[in-house]
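Quick look at entry_25.txt (compact mmCIF, C-alpha atoms):
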```txt
# COMPACT_ATOMS: atom_id res chain seq x y z
CA MET R 15 62.46 103.50 123.66
CA PRO R 16 65.06 101.62 121.57
CA ILE R 17 63.79 99.08 119.05
CA ASN R 18 65.47 95.70 119.39
CA GLN R 19 66.06 93.60 116.28
CA PRO R 20 65.53 89.81 116.44
CA SER R 21 68.66 88.12 117.76
CA ASN R 22 69.15 86.13 114.53
CA GLN R 23 69.12 89.24 112.32
CA ILE R 24 72.24 91.35 111.78
CA LYS R 25 72.25 94.30 109.38
CA LEU R 26 75.43 94.81 107.38
CA THR R 27 76.34 97.55 104.92
CA ASN R 28 79.20 98.22 102.43
CA VAL R 29 79.68 94.50 102.07
CA SER R 30 81.03 92.02 99.55
CA LEU R 31 79.20 88.69 99.54
CA VAL R 32 80.61 85.23 98.93
CA ARG R 33 77.92 82.67 98.14
CA MET R 34 77.88 78.89 97.98
CA LYS R 35 75.00 76.59 97.09
CA LYS R 36 75.13 73.41 99.12
CA GLY R 37 72.32 70.92 98.78
CA LYS R 38 69.13 72.91 98.31
CA LYS R 39 70.28 75.91 100.34
CA ARG R 40 72.36 78.96 99.44
CA PHE R 41 74.73 80.17 102.11
CA GLU R 42 76.45 83.55 102.28
CA ILE R 43 79.22 85.21 104.25
CA ALA R 44 79.73 88.94 104.60
CA CYS R 45 83.21 90.26 103.82
CA TYR R 46 84.92 93.62 103.60
CA LYS R 47 85.27 94.96 100.08
CA ASN R 48 88.46 94.04 98.20
CA LYS R 49 89.57 91.66 100.97
CA VAL R 50 88.31 88.40 99.44
CA LEU R 51 90.70 88.55 96.48
CA GLU R 52 93.56 89.53 98.79
CA TRP R 53 92.77 86.45 100.90
CA ARG R 54 92.62 84.17 97.86
CA ASN R 55 95.86 85.62 96.51
CA LYS R 56 97.55 84.96 99.90
CA ILE R 57 98.11 88.69 100.47
CA GLU R 58 95.77 88.91 103.44
CA LYS R 59 96.24 86.13 106.01
CA ASP R 60 94.20 87.41 108.95
CA LEU R 61 90.64 86.10 108.65
CA SER R 62 89.32 88.80 110.96
CA ASN R 63 90.38 91.43 108.40
CA VAL R 64 88.31 89.69 105.71
CA LEU R 65 85.03 88.91 107.50
CA GLN R 66 82.64 91.59 108.66
CA ILE R 67 81.20 89.02 111.04
CA GLU R 68 82.17 85.41 111.70
CA ASN R 69 78.84 83.88 110.81
CA VAL R 70 77.09 82.19 107.89
CA PHE R 71 73.85 83.62 106.50
CA LEU R 72 70.99 82.46 104.35
CA ASN R 73 70.50 86.08 103.32
CA VAL R 74 72.95 88.79 104.35
CA SER R 75 70.84 91.68 103.08
CA LYS R 76 67.98 90.59 105.32
CA GLY R 77 70.29 89.74 108.18
CA GLN R 78 69.03 86.14 108.20
CA ALA R 79 71.62 83.91 109.85
CA ALA R 80 71.79 80.26 108.78
CA PRO R 81 70.29 77.88 111.39
CA LYS R 82 72.69 75.31 112.82
CA ALA R 83 70.48 72.49 111.54
CA ASP R 84 70.85 73.74 107.96
CA LEU R 85 74.62 74.07 108.32
CA ASP R 86 74.96 70.56 109.79
CA LYS R 87 72.86 69.08 106.98
CA ALA R 88 74.82 70.85 104.23
CA PHE R 89 78.38 70.76 105.57
CA GLY R 90 78.29 68.03 108.18
CA LYS R 91 79.01 68.79 111.78
CA LYS R 92 82.01 71.00 111.09
CA PRO R 93 83.12 73.93 113.26
CA MET R 94 81.82 77.30 112.09
CA GLU R 95 85.31 78.47 111.08
CA GLU R 96 85.80 75.49 108.74
CA ILE R 97 82.46 76.18 107.05
CA ILE R 98 83.36 79.85 106.64
CA LEU R 99 86.75 78.97 105.13
CA GLU R 100 85.14 76.56 102.66
CA ILE R 101 82.72 79.24 101.48
CA LEU R 102 85.44 81.91 101.44
CA ASP R 103 87.87 79.78 99.41
CA HIS R 104 85.45 78.14 96.98
CA GLY R 105 82.29 80.25 96.92
CA GLU R 106 81.19 82.69 94.25
CA LEU R 107 82.23 86.28 94.93
CA GLN R 108 79.50 88.84 94.38
CA VAL R 109 80.80 92.32 93.61
CA GLY R 110 79.16 95.53 92.48
CA GLU R 111 79.70 97.21 89.13
CA LYS R 112 82.09 99.75 90.64
CA GLU R 113 84.26 97.08 92.27
CA ARG R 114 84.17 94.97 89.10
CA GLY R 115 85.37 97.95 87.07
CA ALA R 116 88.18 98.67 89.53
CA GLU R 117 89.33 95.04 89.48
CA LEU R 118 89.28 95.03 85.67
CA GLU R 119 91.36 98.20 85.58
CA ARG R 120 93.90 96.74 88.04
CA THR R 121 94.21 93.54 86.00
CA LYS R 122 94.53 95.51 82.76
CA ASN R 123 97.34 97.66 84.14
CA GLU R 124 99.17 94.60 85.46
CA VAL R 125 98.88 92.77 82.12
CA ILE R 126 100.13 95.77 80.14
CA ASP R 127 103.05 96.30 82.55
CA ILE R 128 104.13 92.66 82.15
CA VAL R 129 103.86 92.78 78.35
CA ALA R 130 105.70 96.12 78.09
CA GLY R 131 108.53 94.70 80.17
CA LYS R 132 109.03 91.66 77.94
CA LEU R 133 108.66 92.96 74.37
CA VAL R 134 110.94 95.16 72.28
CA ASP R 135 111.02 96.67 68.82
CA PRO R 136 113.31 94.17 67.02
CA ARG R 137 114.69 96.91 64.77
CA THR R 138 115.81 99.28 67.51
CA LYS R 139 115.89 96.94 70.57
CA ARG R 140 113.92 99.60 72.42
CA VAL R 141 111.05 98.77 74.77
CA TYR R 142 107.60 100.16 74.09
CA THR R 143 105.68 102.43 76.43
CA THR R 144 102.65 100.98 78.20
CA GLY R 145 100.48 103.35 76.15
CA MET R 146 101.72 101.90 72.86
CA ILE R 147 101.22 98.34 74.10
CA GLU R 148 97.68 99.21 75.23
CA LYS R 149 96.83 100.68 71.80
CA ALA R 150 98.24 97.61 70.02
CA LEU R 151 96.15 95.27 72.19
CA ASP R 152 93.05 97.42 71.66
CA GLN R 153 93.65 97.13 67.91
CA LEU R 154 93.82 93.33 68.15
CA SER R 155 90.67 93.27 70.26
CA SER R 156 88.81 95.41 67.70
CA GLN R 157 89.96 93.12 64.88
CA ALA R 158 88.75 90.05 66.77
CA GLN R 159 85.34 91.65 67.37
CA ALA R 160 85.05 92.64 63.71
CA GLN R 161 85.87 89.09 62.60
CA GLN R 162 83.25 87.74 64.99
CA GLN R 163 80.62 90.06 63.56
CA GLU R 164 81.57 89.10 59.99
CA HIS R 165 81.30 85.44 60.91
CA LYS R 166 77.84 85.95 62.44
CA ALA R 167 76.72 87.96 59.43
CA GLY R 168 77.92 85.20 57.10
CA THR R 169 80.18 87.48 55.08
CA GLU R 170 83.11 86.03 53.14
CA THR R 171 86.25 84.92 54.91
CA PRO R 172 89.70 84.31 53.36
CA ASP R 173 90.10 81.07 51.43
CA GLY R 174 92.82 78.44 51.38
CA GLU R 175 96.02 79.11 53.26
CA ASP R 176 94.90 82.56 54.45
CA LYS R 177 91.79 81.06 56.04
CA ALA R 178 93.80 78.29 57.73
CA LYS R 179 96.29 80.84 59.04
CA ALA R 180 93.53 83.11 60.35
CA THR R 181 91.96 80.26 62.34
CA THR R 182 95.24 79.14 63.95
CA LEU R 183 96.58 82.55 65.02
CA PRO R 184 95.88 83.47 68.67
CA LYS R 185 92.97 85.91 68.94
CA TRP R 186 93.12 88.60 71.60
CA SER R 187 89.66 89.62 72.82
CA GLY R 188 90.57 91.77 75.81
CA ILE R 189 91.26 91.63 79.55
CA VAL R 190 89.07 89.60 81.91
CA THR R 191 89.13 89.28 85.70
CA THR R 192 88.53 85.52 85.73
CA LYS R 193 92.12 84.69 84.64
CA SER R 194 95.42 85.67 86.21
CA ALA R 195 97.26 88.71 84.85
CA LYS R 196 100.32 86.54 84.23
CA SER R 197 98.52 84.01 82.00
CA GLN R 198 96.76 86.80 80.10
CA ALA R 199 100.04 88.63 79.58
CA LEU R 200 101.63 85.50 78.09
CA PHE R 201 98.72 85.09 75.67
CA ALA R 202 98.77 88.81 74.82
CA MET R 203 102.45 88.54 73.89
CA LYS R 204 101.76 85.55 71.64
CA ALA R 205 98.96 87.46 69.92
CA LEU R 206 101.06 90.59 69.42
CA ILE R 207 103.97 88.59 68.01
CA ALA R 208 101.67 86.59 65.72
CA HIS R 209 99.70 89.55 64.32
CA GLN R 210 102.38 92.30 64.54
CA PRO R 211 100.10 95.37 64.85
CA ILE R 212 103.41 97.03 65.77
CA PRO R 213 106.84 95.44 65.20
CA VAL R 214 107.43 93.34 68.33
CA ALA R 215 109.68 90.52 69.49
CA ARG R 216 110.36 88.93 72.85
CA MET R 217 113.07 90.72 74.76
CA GLN R 218 116.09 88.45 75.07
CA MET R 219 119.43 88.48 76.85
CA LYS R 220 122.68 87.61 75.13
CA LEU R 221 124.69 85.25 77.32
CA ARG R 222 128.04 83.52 77.22
CA VAL R 223 127.97 80.16 79.00
CA SER R 224 131.16 78.26 79.80
CA CYS R 225 131.37 74.74 81.16
CA PRO R 226 134.09 72.08 81.66
CA THR R 227 134.02 69.59 78.80
CA SER R 228 134.19 66.76 81.34
CA VAL R 229 130.66 67.68 82.50
CA LEU R 230 128.99 68.15 79.10
CA LYS R 231 128.14 64.51 78.39
CA GLN R 232 126.95 63.73 81.91
CA ALA R 233 123.27 62.98 82.40
CA VAL R 234 121.27 65.74 84.06
CA LYS R 235 121.22 65.19 87.83
CA THR R 236 118.31 67.45 88.74
CA ALA R 237 115.71 69.14 86.57
CA PRO R 238 116.18 72.90 86.15
CA LYS R 239 113.47 75.03 87.72
CA ALA R 240 110.64 76.47 85.66
CA GLN R 241 111.17 79.87 84.14
CA ALA R 242 109.64 82.95 85.72
CA ASP R 243 107.01 83.27 82.98
CA GLY R 244 105.77 79.72 83.47
CA GLU R 245 107.39 78.13 80.41
CA GLU R 246 109.50 75.11 81.34
CA LYS R 247 112.63 73.88 79.64
CA ALA R 248 113.20 70.18 79.16
CA ALA R 249 115.64 68.50 81.51
CA THR R 250 116.29 65.39 79.47
CA GLY R 251 119.57 64.19 78.01
CA THR R 252 122.99 65.56 78.85
CA VAL R 253 124.11 68.75 80.54
CA LYS R 254 125.02 70.17 77.13
CA ASP R 255 121.57 69.33 75.71
CA THR R 256 119.86 71.11 78.60
CA ILE R 257 122.04 74.23 78.33
CA LEU R 258 121.24 74.51 74.61
CA ALA R 259 117.54 73.91 75.33
CA PHE R 260 117.49 77.07 77.45
CA MET R 261 118.60 79.11 74.44
CA GLU R 262 116.18 80.49 71.88
CA LYS R 263 119.04 81.01 69.45
CA VAL R 264 122.58 79.61 69.59
CA GLU R 265 125.06 82.00 67.96
CA SER R 266 128.28 80.04 68.50
CA GLN R 267 129.86 77.04 70.18
CA ASP R 268 133.56 76.49 70.73
CA THR R 269 135.86 74.16 72.68
CA MET R 270 139.12 75.51 74.07
CA GLY R 271 141.15 72.84 75.81
CA ALA R 272 139.12 71.55 78.76
CA GLU R 273 136.42 74.21 78.49
CA TRP R 274 133.36 74.46 76.25
CA GLU R 275 131.76 77.82 75.53
CA THR R 276 128.53 78.84 73.83
CA VAL R 277 126.99 82.25 73.08
CA GLY R 278 123.27 82.59 72.55
CA LEU R 279 120.01 84.36 73.29
CA VAL R 280 117.69 83.47 76.16
CA GLU R 281 114.53 85.03 77.46
CA PRO R 282 115.03 86.92 80.74
CA GLY R 283 112.79 84.51 82.62
CA ALA R 284 115.19 81.66 81.81
CA PHE R 285 118.32 83.38 83.16
CA LYS R 286 117.88 82.44 86.82
CA GLY R 287 117.07 78.80 86.01
CA LEU R 288 120.03 78.50 83.66
CA ASN R 289 122.41 80.09 86.14
CA GLU R 290 121.26 77.77 88.96
CA PHE R 291 121.48 74.77 86.63
CA ILE R 292 125.09 75.58 85.67
CA GLU R 293 125.98 76.14 89.33
CA SER R 294 124.51 72.82 90.48
CA GLN R 295 125.71 70.67 87.58
CA THR R 296 129.29 71.99 87.47
CA LYS R 297 129.77 72.57 91.23
CA GLY R 298 130.74 76.17 90.57
CA ARG R 299 133.18 75.47 87.74
CA GLY R 300 130.81 76.74 85.04
CA ASN R 301 129.87 80.36 84.41
CA VAL R 302 127.04 82.42 82.90
CA GLU R 303 128.00 85.91 81.69
CA VAL R 304 125.53 88.56 80.50
CA MET R 305 126.81 90.16 77.29
CA GLU R 306 123.71 92.25 76.44
CA MET R 307 120.63 92.84 78.62
CA ALA R 308 118.11 93.44 75.81
CA VAL R 309 118.28 92.02 72.31
CA GLY R 310 115.50 91.80 69.74
CA ALA R 311 114.56 88.23 68.85
CA ASP R 312 115.37 88.75 65.17
CA ASP R 313 118.85 90.19 65.77
```
Structure encoded using C-alpha cells:
Amino acid sequence: MPINQPSNQIKLTNVSLVRMKKGKKRFEIACYKNKVLEWRNKIEKDLSNVLQIENVFLNVSKGQAAPKADLDKAFGKKPMEEIILEILDHGELQVGEKERGAELERTKNEVIDIVAGKLVDPRTKRVYTTGMIEKALDQLSSQAQAQQQEHKAGTETPDGEDKAKATTLPKWSGIVTTKSAKSQALFAMKALIAHQPIPVARMQMKLRVSCPTSVLKQAVKTAPKAQADGEEKAATGTVKDTILAFMEKVESQDTMGAEWETVGLVEPGAFKGLNEFIESQTKGRGNVEVMEMAVGADD
C-alpha cells in the first residue's frame, strides 16, 4: 500500500535555497542549482527554469509550505508569483561548499581574463599570460595578509612617508563572489600598477584624431557615453576639451588650414566613446584613426 505524504509537504532534493526574513517569519523558495545567479544576471529569463516548484516554504528541507495567512501578513495580499519574484530577486542565496567553490573559481577566471586583456609589460608592450597575472595577484594577496598579521601582532611598520604611502596604496586581498568580476578586475589592475610585483601598465591605443577647427570651440552638445570599463570622461567645456579629456597622454597637436589634428594615447575602453563623440559632434567630418593597437603607458 502506498504511503501518502501530507498535502502541504513536498520533498525536494538537489536544491538551492533562497531565503528572506519578513516580519517574524523566514520564507524560502526552492530553485535549481546555478540558476539563481543566471536569473539575477539576466541570463536566464524563464522563471520555470529557475524554480523547482512555484511555491513558498517555511522550511524546504521539511517540505513545509508557507500558509496563505502567513504570506498575506508578511507580503500583503500579493499574487504568489509576485512574492516568489521578491524573494528570488532580493533574498539570501544559500549554496553548498561545492557550489561556492565553483562560483569562486568562475569569478577568479573572469577577473584574471579581464586583467590580462588590459595590462601590458611597458618595456616590451607584450601582454602577460593569465598564469603570470594570477601569480602576481597571489603575491599581492600574500603581502596583504602578512601586513595584516604584522599589524595584529603589533610589530613595527614603516615610518614617515613610507608609512603614509603604504596606507594609501590599494591592497589586494583576493577574489570574492559578493562583488562583480568587472569591479574586482578594475581594482586588481590598480593594485598591480601601484605595487608593481611585475612591470605592468594599462594597455593603450595610439590614435590620430582630426576635427574641423570650426567645431573645436563649440560647446559639447551631448555627453559622450561611459567607457567600457566603467570610467567616465568629463563632457564639460568645448569639443576640443572633451577630445583631449579622453586621452591619457597627448603626444602632439597641430592645425593645418581648416583642420586640427592631435595624436595621443587612450585606453581601449575609451575608443568607442571617442569615436561616437567625434561622429556626433562633427556630423561625420571628423575622424579617429588607430595608429597602434597596444602601447605601454610609459612609452
>> I'd like the neighbourhood of R:Lys149 as a list in words, where a residue qualifies if any of its atoms comes within 12 Å (using all atoms listed in the file), though same-chain residues fewer than 3 positions away should be ignored.
In response: Ile126, Ala130, Tyr142, Thr143, Thr144, Gly145, Met146, Asp152, Gln153, Leu154, Ser155, Ser156, Gly188, Leu206, Pro211 and Ile212 of chain R
> Please, what distance in Å, to one decimal, runs between atom CA of R:Ile67 and atom CA of R:Glu117?
Replying inline: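 Spanning atom CA of R:Ile67 to atom CA of R:Glu117 is a straight-line distance of 23.8 Å.
Comparing R:Leu51, R:Cys45, R:Ile101, R:Val253 by their smallest distance to R:Ile292, the closest is R:Val253 (using only C-alpha atoms).
Take the candidates R:Leu102, R:Ile257, R:Ala83, R:Ala150 and check each one against R:Glu290 using all atoms listed in the file; the shortest distance goes to R:Ile257.
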>> Please report the interatomic distance between atom CA of R:Ala205 and atom CA of R:Leu258 in Å with one decimal.
In response: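 Value for the atom CA of R:Ala205-atom CA of R:Leu258 distance: 26.2 Å.
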> Quick one: of R:Lys139, R:Lys56, R:Lys220, R:Lys82, who's nearest to R:Met94, counting only C-alpha atoms?
Replying inline: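 Closest residue, counting only C-alpha atoms: R:Lys82.
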> Of the residues R:Val214, R:Trp186, R:Glu281, R:Asn69, which is the one nearest to R:Thr138, using only C-alpha atoms?
Replying inline: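 Closest to R:Thr138, using only C-alpha atoms: R:Val214.
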When you look at R:Val50 with a cut-off of 10 Å (counting all atoms listed in the file), what residues show up, excluding the ones that are within fewer than 3 positions of it in the same chain? I need them as a PDB file with C-alpha atoms, in the coordinates of the input.
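This went into part05.pdb:
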```pdb
ATOM      1  CA  SER R  30      81.030  92.020  99.550  1.00  0.00           C
ATOM      2  CA  LEU R  31      79.200  88.690  99.540  1.00  0.00           C
ATOM      3  CA  VAL R  32      80.610  85.230  98.930  1.00  0.00           C
ATOM      4  CA  CYS R  45      83.210  90.260 103.820  1.00  0.00           C
ATOM      5  CA  TYR R  46      84.920  93.620 103.600  1.00  0.00           C
ATOM      6  CA  LYS R  47      85.270  94.960 100.080  1.00  0.00           C
ATOM      7  CA  TRP R  53      92.770  86.450 100.900  1.00  0.00           C
ATOM      8  CA  ARG R  54      92.620  84.170  97.860  1.00  0.00           C
ATOM      9  CA  ASN R  55      95.860  85.620  96.510  1.00  0.00           C
ATOM     10  CA  LYS R  56      97.550  84.960  99.900  1.00  0.00           C
ATOM     11  CA  ILE R  57      98.110  88.690 100.470  1.00  0.00           C
ATOM     12  CA  GLU R  58      95.770  88.910 103.440  1.00  0.00           C
ATOM     13  CA  LEU R  61      90.640  86.100 108.650  1.00  0.00           C
ATOM     14  CA  ASN R  63      90.380  91.430 108.400  1.00  0.00           C
ATOM     15  CA  VAL R  64      88.310  89.690 105.710  1.00  0.00           C
ATOM     16  CA  LEU R  65      85.030  88.910 107.500  1.00  0.00           C
ATOM     17  CA  LEU R 102      85.440  81.910 101.440  1.00  0.00           C
ATOM     18  CA  ASP R 103      87.870  79.780  99.410  1.00  0.00           C
ATOM     19  CA  LEU R 107      82.230  86.280  94.930  1.00  0.00           C
TER      20      LEU R 107
END
```
> If we count all atoms listed in the file, what is near R:Ser224 at a cut-off of 7 Å, once residues fewer than 6 positions away on the same chain are taken out, given as a count of residues only?
Replying inline: 7
>> Just to confirm, what's the straight-line distance from atom CA of R:Leu151 to atom CA of R:Thr121 in Å (one decimal)?
In response: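 Interatomic distance here is 14.1 Å.
Closest approach to R:Phe201 among R:Gly298, R:Gly105, R:Pro81, R:Pro184: R:Pro184, based on all atoms listed in the file.
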Assuming 3 Å of padding per side, give the centre and edge lengths of the axis-aligned box around every listed atom of stretch 205-208 of chain R, in Å to one decimal and as JSON.
```
{"center_x": 101.5, "center_y": 88.6, "center_z": 67.8, "size_x": 11.0, "size_y": 10.0, "size_z": 10.2}
```
> Got a sec: who's within 8 Å of R:Lys263, counting only C-alpha atoms, leaving out chain neighbours fewer than 2 positions off, as a PyMOL selection string?
Replying inline: chain R and resi 261+265+278-280
